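Text of the file input-v1.cif, holding mmCIF, C-alpha atoms:
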data_input
#
loop_
_atom_site.label_atom_id
_atom_site.label_comp_id
_atom_site.auth_asym_id
_atom_site.auth_seq_id
_atom_site.Cartn_x
_atom_site.Cartn_y
_atom_site.Cartn_z
CA MET A 291 -40.10 10.64 16.71
CA SER A 292 -42.08 7.88 15.04
CA ASP A 293 -44.09 8.58 11.89
CA ASN A 294 -45.67 6.67 9.07
CA PRO A 295 -43.72 8.14 6.13
CA ALA A 296 -46.52 7.42 3.67
CA LYS A 297 -48.80 9.72 5.67
CA THR A 298 -46.16 12.35 6.44
CA VAL A 299 -45.72 15.40 4.22
CA VAL A 300 -42.29 17.04 4.20
CA LEU A 301 -41.83 20.48 2.66
CA VAL A 302 -38.47 20.97 0.92
CA THR A 303 -37.76 24.57 -0.04
CA GLY A 304 -35.44 25.09 -2.98
CA ALA A 305 -36.23 21.61 -4.29
CA SER A 306 -34.56 22.31 -7.64
CA GLY A 307 -31.17 23.17 -6.10
CA PHE A 308 -28.19 20.86 -5.74
CA ILE A 309 -28.82 19.96 -2.09
CA GLY A 310 -32.60 20.20 -2.45
CA LEU A 311 -32.71 17.57 -5.21
CA HIS A 312 -30.80 15.08 -3.06
CA CYS A 313 -33.08 15.78 -0.08
CA VAL A 314 -36.13 15.14 -2.26
CA GLN A 315 -34.62 11.93 -3.60
CA GLN A 316 -33.74 10.52 -0.18
CA LEU A 317 -37.13 11.43 1.30
CA LEU A 318 -38.96 9.74 -1.59
CA GLU A 319 -36.75 6.66 -1.26
CA GLN A 320 -37.68 6.47 2.43
CA GLY A 321 -41.39 6.59 1.63
CA TYR A 322 -42.26 10.18 2.54
CA ARG A 323 -44.66 12.44 0.70
CA VAL A 324 -42.67 15.43 -0.51
CA ARG A 325 -43.87 18.91 -1.38
CA GLY A 326 -41.08 20.91 -2.98
CA THR A 327 -40.99 24.63 -3.64
CA VAL A 328 -39.61 26.04 -6.89
CA ARG A 329 -39.50 29.54 -8.33
CA SER A 330 -41.07 28.60 -11.67
CA GLN A 331 -42.76 25.81 -13.58
CA ALA A 332 -39.61 25.34 -15.65
CA ARG A 333 -37.68 24.45 -12.48
CA ALA A 334 -40.54 22.12 -11.46
CA ASN A 335 -40.07 20.19 -14.69
CA GLU A 336 -36.35 19.92 -13.98
CA VAL A 337 -37.07 18.39 -10.56
CA ARG A 338 -39.54 15.88 -12.03
CA ASP A 339 -37.07 14.88 -14.73
CA ALA A 340 -34.25 14.42 -12.22
CA MET A 341 -36.44 12.33 -9.92
CA ALA A 342 -37.80 10.27 -12.83
CA ALA A 343 -34.22 9.25 -13.57
CA ASN A 344 -33.39 8.38 -9.96
CA VAL A 345 -36.47 6.99 -8.16
CA ASP A 346 -39.15 4.50 -9.14
CA THR A 347 -42.54 5.48 -10.53
CA GLN A 348 -44.36 4.78 -7.27
CA ALA A 349 -42.07 7.16 -5.40
CA LEU A 350 -42.55 9.82 -8.05
CA GLU A 351 -46.30 9.77 -7.35
CA ARG A 352 -45.57 11.07 -3.83
CA LEU A 353 -43.91 14.25 -5.16
CA GLU A 354 -45.78 17.56 -5.39
CA LEU A 355 -44.20 20.81 -6.58
CA VAL A 356 -45.49 24.30 -5.83
CA GLU A 357 -44.29 27.80 -6.67
CA ALA A 358 -42.98 30.04 -3.88
CA ASP A 359 -40.35 32.76 -3.83
CA LEU A 360 -38.23 33.68 -0.79
CA THR A 361 -38.65 37.37 -1.60
CA LYS A 362 -42.48 37.24 -1.58
CA ASP A 363 -45.11 36.33 1.01
CA GLU A 364 -47.41 34.62 -1.48
CA GLY A 365 -47.53 30.85 -1.51
CA TRP A 366 -45.77 30.02 1.72
CA ALA A 367 -48.87 29.44 3.88
CA GLU A 368 -50.22 27.03 1.25
CA ALA A 369 -46.85 25.33 0.89
CA ALA A 370 -46.55 24.65 4.63
CA SER A 371 -50.17 23.60 5.14
CA GLY A 372 -50.49 19.98 6.25
CA CYS A 373 -46.73 19.45 6.57
CA THR A 374 -45.16 17.71 9.56
CA TYR A 375 -41.60 18.72 8.75
CA VAL A 376 -39.84 21.40 6.71
CA LEU A 377 -36.36 21.20 5.24
CA HIS A 378 -35.53 24.83 4.48
CA VAL A 379 -32.74 24.40 1.95
CA ALA A 380 -33.39 27.37 -0.34
CA SER A 381 -30.92 30.25 -0.04
CA PRO A 382 -28.86 32.29 -2.48
CA PHE A 383 -25.25 31.13 -3.02
CA PRO A 384 -23.52 33.34 -5.60
CA ASN A 385 -20.68 32.50 -7.97
CA ARG A 386 -19.72 36.18 -7.99
CA THR A 387 -19.35 38.91 -5.40
CA PRO A 388 -22.63 40.90 -5.36
CA GLU A 389 -22.60 44.63 -6.00
CA HIS A 390 -24.39 45.15 -2.70
CA GLU A 391 -24.52 42.77 0.26
CA ASP A 392 -28.31 43.13 0.54
CA GLU A 393 -28.59 41.08 -2.67
CA LEU A 394 -27.74 38.12 -0.41
CA ILE A 395 -28.68 39.22 3.08
CA LYS A 396 -32.30 40.23 2.42
CA PRO A 397 -33.48 37.06 0.65
CA ALA A 398 -31.51 34.83 3.04
CA LYS A 399 -32.79 36.41 6.25
CA GLU A 400 -36.28 37.52 5.19
CA GLY A 401 -36.85 34.32 3.24
CA THR A 402 -35.92 32.20 6.27
CA LEU A 403 -38.35 34.15 8.44
CA ARG A 404 -41.13 33.76 5.85
CA VAL A 405 -40.67 30.00 5.88
CA LEU A 406 -40.52 29.82 9.68
CA ARG A 407 -43.66 31.93 10.12
CA ALA A 408 -45.54 29.75 7.65
CA ALA A 409 -44.27 26.62 9.42
CA ALA A 410 -45.29 27.91 12.85
CA ASP A 411 -48.74 28.94 11.62
CA ALA A 412 -49.24 25.53 10.00
CA GLY A 413 -48.32 23.61 13.16
CA VAL A 414 -45.17 22.09 11.67
CA ARG A 415 -43.32 19.93 14.17
CA ARG A 416 -39.71 20.65 13.17
CA VAL A 417 -37.76 22.77 10.68
CA VAL A 418 -34.30 21.69 9.56
CA LEU A 419 -32.48 24.77 8.28
CA THR A 420 -29.57 24.64 5.85
CA SER A 421 -27.01 27.11 7.10
CA SER A 422 -23.27 26.90 6.37
CA LEU A 423 -19.82 26.67 7.87
CA ALA A 424 -19.70 30.28 6.72
CA ALA A 425 -21.90 31.02 9.75
CA VAL A 426 -19.37 29.34 12.04
CA SER A 427 -15.82 30.30 11.07
CA GLY A 428 -16.13 33.56 9.14
CA GLY A 429 -14.45 36.78 10.22
CA HIS A 430 -12.18 35.24 12.85
CA PRO A 431 -8.48 36.10 13.10
CA ASP A 432 -6.19 33.66 11.32
CA ASP A 433 -5.33 30.73 13.56
CA ASN A 434 -4.46 27.63 11.54
CA ALA A 435 -4.40 25.47 14.68
CA ARG A 436 -7.91 26.37 15.85
CA VAL A 437 -10.69 23.78 15.59
CA TYR A 438 -14.18 25.28 15.13
CA THR A 439 -17.22 23.71 16.76
CA GLU A 440 -20.95 24.42 16.81
CA ASP A 441 -20.37 26.83 19.70
CA ASP A 442 -18.58 29.21 17.33
CA TRP A 443 -20.31 31.93 15.32
CA SER A 444 -18.94 34.05 12.50
CA ILE A 445 -18.14 37.68 13.32
CA VAL A 446 -20.48 39.49 10.95
CA GLU A 447 -18.71 42.84 11.20
CA ARG A 448 -15.65 41.22 9.61
CA CYS A 449 -17.44 39.03 7.07
CA PRO A 450 -17.90 39.48 3.32
CA PRO A 451 -21.52 39.32 2.05
CA TYR A 452 -22.06 35.54 1.80
CA PRO A 453 -20.88 34.53 5.31
CA LYS A 454 -22.67 37.58 6.67
CA SER A 455 -25.94 36.54 5.01
CA LYS A 456 -25.74 32.98 6.33
CA THR A 457 -24.87 34.11 9.86
CA LEU A 458 -27.65 36.69 10.05
CA ALA A 459 -30.22 34.30 8.57
CA GLU A 460 -29.36 31.51 10.99
CA SER A 461 -29.28 33.86 13.98
CA ALA A 462 -32.69 35.26 12.98
CA ALA A 463 -34.07 31.71 12.79
CA TRP A 464 -32.94 30.85 16.32
CA ASP A 465 -34.35 34.15 17.63
CA PHE A 466 -37.69 33.55 15.92
CA VAL A 467 -38.15 30.06 17.38
CA ALA A 468 -37.11 31.33 20.83
CA SER A 469 -39.79 34.03 20.60
CA LEU A 470 -42.65 31.57 20.02
CA ALA A 471 -45.19 30.92 22.75
CA GLY A 472 -44.37 28.05 25.07
CA ASP A 473 -47.08 25.79 23.65
CA ALA A 474 -45.87 26.19 20.03
CA PRO A 475 -44.80 22.80 18.70
CA LEU A 476 -42.13 24.12 16.31
CA GLU A 477 -38.59 22.86 16.86
CA LEU A 478 -35.50 23.97 14.96
CA CYS A 479 -32.24 22.29 14.11
CA VAL A 480 -29.55 23.52 11.76
CA ILE A 481 -27.14 21.83 9.36
CA ASN A 482 -23.91 23.77 8.67
CA PRO A 483 -22.32 22.18 5.57
CA GLY A 484 -18.84 22.86 4.29
CA ALA A 485 -17.92 23.07 0.60
CA VAL A 486 -20.34 20.70 -1.14
CA LEU A 487 -19.23 18.27 -3.86
CA GLY A 488 -20.70 14.93 -4.97
CA PRO A 489 -22.95 13.61 -7.75
CA VAL A 490 -25.06 16.01 -9.80
CA LEU A 491 -28.58 14.86 -10.70
CA ASN A 492 -29.04 17.39 -13.51
CA ARG A 493 -27.15 20.41 -14.81
CA HIS A 494 -27.46 22.30 -11.50
CA TYR A 495 -24.59 21.95 -9.07
CA SER A 496 -23.05 23.73 -6.10
CA THR A 497 -20.94 26.85 -6.36
CA SER A 498 -18.22 24.78 -4.69
CA GLY A 499 -18.52 22.38 -7.61
CA GLU A 500 -17.09 25.07 -9.88
CA VAL A 501 -13.70 23.93 -8.59
CA VAL A 502 -14.24 20.50 -10.17
CA ARG A 503 -15.75 21.89 -13.37
CA LYS A 504 -13.01 24.49 -13.90
CA LEU A 505 -10.25 21.95 -13.28
CA MET A 506 -11.76 19.41 -15.68
CA ALA A 507 -12.42 22.10 -18.29
CA LYS A 508 -8.85 23.43 -17.87
CA GLU A 509 -10.18 26.91 -17.16
CA LEU A 510 -7.58 27.30 -14.42
CA PRO A 511 -3.82 27.25 -15.12
CA GLY A 512 -3.19 25.42 -11.86
CA THR A 513 -4.29 25.20 -8.24
CA ALA A 514 -4.31 27.92 -5.61
CA LYS A 515 -3.37 27.52 -1.96
CA ILE A 516 -7.04 27.56 -1.04
CA GLY A 517 -8.78 24.83 0.87
CA PHE A 518 -12.06 23.93 2.50
CA SER A 519 -13.71 21.43 4.79
CA TRP A 520 -15.51 19.44 2.12
CA VAL A 521 -18.70 17.37 2.22
CA ASP A 522 -20.59 15.09 -0.15
CA VAL A 523 -24.06 16.34 -1.13
CA ARG A 524 -25.47 12.88 -0.33
CA ASP A 525 -24.18 13.28 3.23
CA VAL A 526 -25.65 16.77 3.53
CA ALA A 527 -29.04 15.40 2.47
CA SER A 528 -28.83 12.39 4.79
CA ALA A 529 -27.99 14.74 7.67
CA HIS A 530 -31.13 16.79 6.95
CA VAL A 531 -33.32 13.70 6.84
CA ALA A 532 -31.81 12.25 10.02
CA ALA A 533 -32.10 15.57 11.88
CA MET A 534 -35.74 15.80 10.87
CA THR A 535 -36.83 12.98 13.18
CA ASN A 536 -33.97 12.38 15.62
CA PRO A 537 -35.16 13.42 19.11
CA GLY A 538 -31.66 14.54 20.09
CA ALA A 539 -31.37 16.92 17.13
CA ALA A 540 -33.89 19.50 18.35
CA GLY A 541 -32.26 22.81 19.22
CA GLN A 542 -28.89 21.74 17.85
CA ARG A 543 -26.48 22.99 15.19
CA PHE A 544 -24.48 20.37 13.27
CA ILE A 545 -21.21 21.01 11.48
CA CYS A 546 -21.50 18.84 8.37
CA ALA A 547 -18.05 18.40 6.81
CA ILE A 548 -15.02 16.17 6.80
CA GLU A 549 -11.44 17.29 7.37
CA PHE A 550 -9.89 20.35 5.73
CA SER A 551 -8.10 19.72 2.42
CA TRP A 552 -6.42 21.98 -0.12
CA ILE A 553 -7.76 22.31 -3.67
CA ASP A 554 -4.60 20.67 -5.01
CA GLU A 555 -5.78 17.43 -3.38
CA VAL A 556 -9.01 17.67 -5.40
CA ALA A 557 -6.97 18.28 -8.56
CA ALA A 558 -4.73 15.28 -7.81
CA ILE A 559 -7.79 13.03 -7.37
CA LEU A 560 -9.27 14.23 -10.67
CA ALA A 561 -5.96 13.75 -12.49
CA LYS A 562 -5.52 10.25 -11.07
CA HIS A 563 -9.04 9.11 -11.99
CA PHE A 564 -9.71 10.95 -15.25
CA GLY A 565 -6.18 11.39 -16.60
CA PRO A 566 -6.11 7.86 -18.12
CA GLN A 567 -9.35 8.79 -19.97
CA GLY A 568 -7.68 11.76 -21.66
CA TRP A 569 -8.52 14.56 -19.23
CA LYS A 570 -5.52 16.82 -18.63
CA VAL A 571 -6.30 18.24 -15.20
CA PRO A 572 -3.94 21.07 -14.17
CA THR A 573 -2.13 20.14 -10.96
CA ARG A 574 0.74 22.61 -10.72
CA LYS A 575 0.59 24.94 -7.74
CA LEU A 576 0.23 28.62 -8.57
CA PRO A 577 1.88 31.39 -6.56
CA SER A 578 -0.67 33.44 -4.65
CA PHE A 579 0.09 36.60 -6.64
CA VAL A 580 -0.94 34.78 -9.84
CA VAL A 581 -4.24 33.73 -8.21
CA ARG A 582 -4.92 37.34 -7.25
CA ILE A 583 -4.37 38.38 -10.88
CA VAL A 584 -6.74 35.62 -12.09
CA ALA A 585 -9.34 36.83 -9.55
CA MET A 586 -9.37 40.22 -11.27
CA PHE A 587 -10.90 38.56 -14.33
CA ASP A 588 -12.73 35.53 -12.90
CA PRO A 589 -15.66 36.38 -10.56
CA THR A 590 -15.75 32.86 -9.10
CA VAL A 591 -12.08 32.99 -8.10
CA LYS A 592 -12.66 36.46 -6.68
CA THR A 593 -15.17 35.07 -4.15
CA VAL A 594 -12.51 32.84 -2.55
CA VAL A 595 -9.27 34.77 -3.03
CA SER A 596 -9.50 36.11 0.55
CA ASP A 597 -9.07 32.51 1.75
CA LEU A 598 -5.58 32.14 0.27
CA GLY A 599 -3.39 30.25 2.71
CA ARG A 600 -6.06 30.04 5.40
CA VAL A 601 -6.80 26.78 7.20
CA ARG A 602 -10.17 26.25 8.89
CA HIS A 603 -10.26 23.02 10.89
CA VAL A 604 -13.69 21.91 12.11
CA SER A 605 -15.03 19.24 14.42
CA SER A 606 -17.73 16.87 13.16
CA ASP A 607 -17.96 15.02 16.48
CA ARG A 608 -21.54 16.12 17.23
CA ILE A 609 -23.08 15.09 13.92
CA ARG A 610 -21.32 11.73 13.99
CA ARG A 611 -22.45 11.07 17.55
CA VAL A 612 -26.04 12.36 17.47
CA LEU A 613 -27.03 11.55 13.89
CA ASN A 614 -24.74 8.54 13.37
CA TRP A 615 -23.31 10.40 10.38
CA GLN A 616 -20.92 8.38 8.22
CA PRO A 617 -19.62 10.57 5.40
CA HIS A 618 -18.07 9.80 2.04
CA SER A 619 -14.38 10.49 1.52
CA LEU A 620 -12.94 13.41 -0.46
CA GLU A 621 -12.01 10.99 -3.24
CA GLU A 622 -15.53 9.54 -3.43
CA MET A 623 -17.24 12.93 -3.61
CA THR A 624 -14.74 14.33 -6.12
CA VAL A 625 -14.86 11.36 -8.49
CA SER A 626 -18.65 11.10 -8.36
CA MET A 627 -18.96 14.79 -9.19
CA GLY A 628 -16.56 14.48 -12.11
CA GLU A 629 -18.32 11.41 -13.49
CA THR A 630 -21.78 12.93 -13.27
CA MET A 631 -20.64 16.26 -14.72
CA ILE A 632 -19.49 14.29 -17.77
CA GLU A 633 -22.78 12.36 -17.89
CA GLN A 634 -24.83 15.57 -17.65
CA GLY A 635 -22.79 17.33 -20.32
CA ILE A 636 -21.55 19.99 -17.92
CA VAL A 637 -18.01 19.32 -19.10
CA ALA A 638 -17.19 18.09 -22.59
CA HIS A 639 -14.68 15.30 -23.14
CA PRO A 640 -11.37 16.67 -24.44
#

Full structure transcribed into structure tokens:
Amino acid sequence: MSDNPAKTVVLVTGASGFIGLHCVQQLLEQGYRVRGTVRSQARANEVRDAMAANVDTQALERLELVEADLTKDEGWAEAASGCTYVLHVASPFPNRTPEHEDELIKPAKEGTLRVLRAAADAGVRRVVLTSSLAAVSGGHPDDNARVYTEDDWSIVERCPPYPKSKTLAESAAWDFVASLAGDAPLELCVINPGAVLGPVLNRHYSTSGEVVRKLMAKELPGTAKIGFSWVDVRDVASAHVAAMTNPGAAGQRFICAIEFSWIDEVAAILAKHFGPQGWKVPTRKLPSFVVRIVAMFDPTVKTVVSDLGRVRHVSSDRIRRVLNWQPHSLEEMTVSMGETMIEQGIVAHP
């Protein structure tokens, strides 16, 4: 696809979120006009402030922010009007286990369909949907040798609320686009990120980033045998922007993560880099029974305790081949998150 970015409007839903902010920044840097959705004017001001600190004044003039809520119909038709592309990034990601799964499933699924309907009605060319690895590898029997690909889907009947919400929302998106009339221009592609780290542009960061914050703040006595396939937020954003215009991306899912690593590797990186500056990052490995006790009192730990000892290997072959994706390393994303959390005052120097 060939566009003049200066005449192309891209809608970014959830523009004030961790991934959304980086998508907005990269689009502005590439010359696009960006319309971002936020839930309130206060969040709009946060986006403007973050962009003012990271892009030049001319780029900032191409940013428009509008209010729209995934749980309401109002505002989405206006938000999508005149847009060529939509990056649908907005979705709930809790740092606690919800009391009822519908707290996640309803806004994720119904919100995605609201955005897609508005995009289809507005004649949008392509939607890039932010899904998750949670929609790929959740609910499967333990098999530490298995390598998951884009052909795999989570088994919703065996999933806790978050993976279930992401799987149902993504599945509903594919079904909706498939149901459109043959002459409808709307195309869909999906980015499935792993656990997202990397630089924070303001005080909002990923739920996965709680690992870095808790380790630097010494809120954990040590590290659990829990691991993830990690990814830098800058690489998640660049994947969205590349998928937006790449002809080969239409109709594709893209696993967006590097190799699986345990949390103790993140702790070791933080200790190596920040230890000489006075940060005492806990690196001792905790027995799993201790982690289960901690999870009884810490809602964030509770959300991941079911992953104790589990390995989930994934293949990033497709995204590297189709989108020419060249990700940052685990060390780069971990250090940049630590440095920017200090700069933003998210963690206080010991």

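For the pair CA of Ala408 (chain A) and CA of Glu460 (chain A), the interatomic distance is 16.6 Å.
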
Report task. Return as a PyMOL selection string the set of residues that the PyMOL selection byres ((chain A and resi 308-311) around 7) yields on the displayed structure. Result -> chain A and resi 302+304-307+312-315+337+379+494-496+523+527

Show which residues sit within 12 Å of Gly635 (chain A), as a CSV table (one decimal) with C-alpha atoms, in the coordinates of the input. Count only C-alpha atoms, and ignore same-chain residues fewer than 6 positions away.
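Dumped everything to part37.csv:
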chain,number,residue,atom,x,y,z
A,490,VAL,CA,-25.1,16.0,-9.8
A,491,LEU,CA,-28.6,14.9,-10.7
A,492,ASN,CA,-29.0,17.4,-13.5
A,493,ARG,CA,-27.2,20.4,-14.8
A,494,HIS,CA,-27.5,22.3,-11.5
A,503,ARG,CA,-15.8,21.9,-13.4
A,507,ALA,CA,-12.4,22.1,-18.3
A,628,GLY,CA,-16.6,14.5,-12.1
A,629,GLU,CA,-18.3,11.4,-13.5

Closest atom pairs, residues of region 475-529 of chain A within 9 Å of region 410-414 of chain A, only C-alpha atoms, as a tab-separated table:
residue	atom	partner	partner_atom	distance
A:Pro475	CA	A:Gly413	CA	6.6
A:Leu476	CA	A:Val414	CA	5.9
A:Glu477	CA	A:Val414	CA	8.4

Could you tell me which residues the PyMOL selection byres ((chain A and resi 510-513) around 8) returns for this structure, as a compact mmCIF listing (two decimals) with C-alpha atoms, keeping the file's coordinate frame?
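Saved to expr11.txt:
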# COMPACT_ATOMS: atom_id res chain seq x y z
CA LYS A 504 -13.01 24.49 -13.90
CA LEU A 505 -10.25 21.95 -13.28
CA LYS A 508 -8.85 23.43 -17.87
CA GLU A 509 -10.18 26.91 -17.16
CA ALA A 514 -4.31 27.92 -5.61
CA LYS A 515 -3.37 27.52 -1.96
CA ILE A 553 -7.76 22.31 -3.67
CA ASP A 554 -4.60 20.67 -5.01
CA ALA A 557 -6.97 18.28 -8.56
CA PRO A 572 -3.94 21.07 -14.17
CA THR A 573 -2.13 20.14 -10.96
CA ARG A 574 0.74 22.61 -10.72
CA LYS A 575 0.59 24.94 -7.74
CA LEU A 576 0.23 28.62 -8.57

Hey, could you patch up region 535-550 of chain A with N, CA, C and O atoms and hand it over as a CSV table (one decimal), keeping the file's coordinate frame?
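Below is the file that was written, rebuild_27.csv:
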chain,number,residue,atom,x,y,z
A,535,THR,N,-36.1,13.8,12.2
A,535,THR,CA,-36.8,13.0,13.2
A,535,THR,C,-36.1,12.6,14.4
A,535,THR,O,-36.7,12.0,15.3
A,536,ASN,N,-34.8,12.8,14.5
A,536,ASN,CA,-34.0,12.4,15.6
A,536,ASN,C,-34.3,13.2,16.8
A,536,ASN,O,-34.2,14.5,16.8
A,537,PRO,N,-34.8,12.6,17.9
A,537,PRO,CA,-35.2,13.4,19.1
A,537,PRO,C,-34.0,14.3,19.6
A,537,PRO,O,-34.3,15.4,20.1
A,538,GLY,N,-32.8,13.8,19.5
A,538,GLY,CA,-31.7,14.5,20.1
A,538,GLY,C,-31.2,15.7,19.2
A,538,GLY,O,-30.3,16.5,19.6
A,539,ALA,N,-31.8,15.9,18.0
A,539,ALA,CA,-31.4,16.9,17.1
A,539,ALA,C,-32.0,18.3,17.4
A,539,ALA,O,-31.5,19.3,17.0
A,540,ALA,N,-33.2,18.3,18.1
A,540,ALA,CA,-33.9,19.5,18.4
A,540,ALA,C,-33.0,20.5,19.1
A,540,ALA,O,-32.3,20.2,20.1
A,541,GLY,N,-33.0,21.7,18.6
A,541,GLY,CA,-32.3,22.8,19.2
A,541,GLY,C,-30.8,22.7,19.0
A,541,GLY,O,-30.0,23.5,19.7
A,542,GLN,N,-30.3,21.9,18.1
A,542,GLN,CA,-28.9,21.7,17.8
A,542,GLN,C,-28.4,22.3,16.5
A,542,GLN,O,-29.2,22.3,15.5
A,543,ARG,N,-27.2,22.7,16.4
A,543,ARG,CA,-26.5,23.0,15.2
A,543,ARG,C,-25.6,21.8,14.9
A,543,ARG,O,-25.1,21.2,15.9
A,544,PHE,N,-25.4,21.5,13.6
A,544,PHE,CA,-24.5,20.4,13.3
A,544,PHE,C,-23.5,20.8,12.2
A,544,PHE,O,-23.9,21.1,11.0
A,545,ILE,N,-22.2,20.8,12.5
A,545,ILE,CA,-21.2,21.0,11.5
A,545,ILE,C,-21.2,19.8,10.6
A,545,ILE,O,-21.1,18.6,11.1
A,546,CYS,N,-21.3,20.0,9.3
A,546,CYS,CA,-21.5,18.8,8.4
A,546,CYS,C,-20.4,18.9,7.3
A,546,CYS,O,-20.5,19.5,6.3
A,547,ALA,N,-19.2,18.4,7.7
A,547,ALA,CA,-18.0,18.4,6.8
A,547,ALA,C,-17.0,17.4,7.3
A,547,ALA,O,-16.9,17.1,8.5
A,548,ILE,N,-16.2,17.0,6.4
A,548,ILE,CA,-15.0,16.2,6.8
A,548,ILE,C,-13.8,17.1,7.0
A,548,ILE,O,-13.9,18.3,7.0
A,549,GLU,N,-12.6,16.5,7.1
A,549,GLU,CA,-11.4,17.3,7.4
A,549,GLU,C,-11.1,18.3,6.3
A,549,GLU,O,-11.4,18.1,5.1
A,550,PHE,N,-10.4,19.3,6.6
A,550,PHE,CA,-9.9,20.4,5.7
A,550,PHE,C,-8.9,19.8,4.7
A,550,PHE,O,-8.0,19.0,5.1
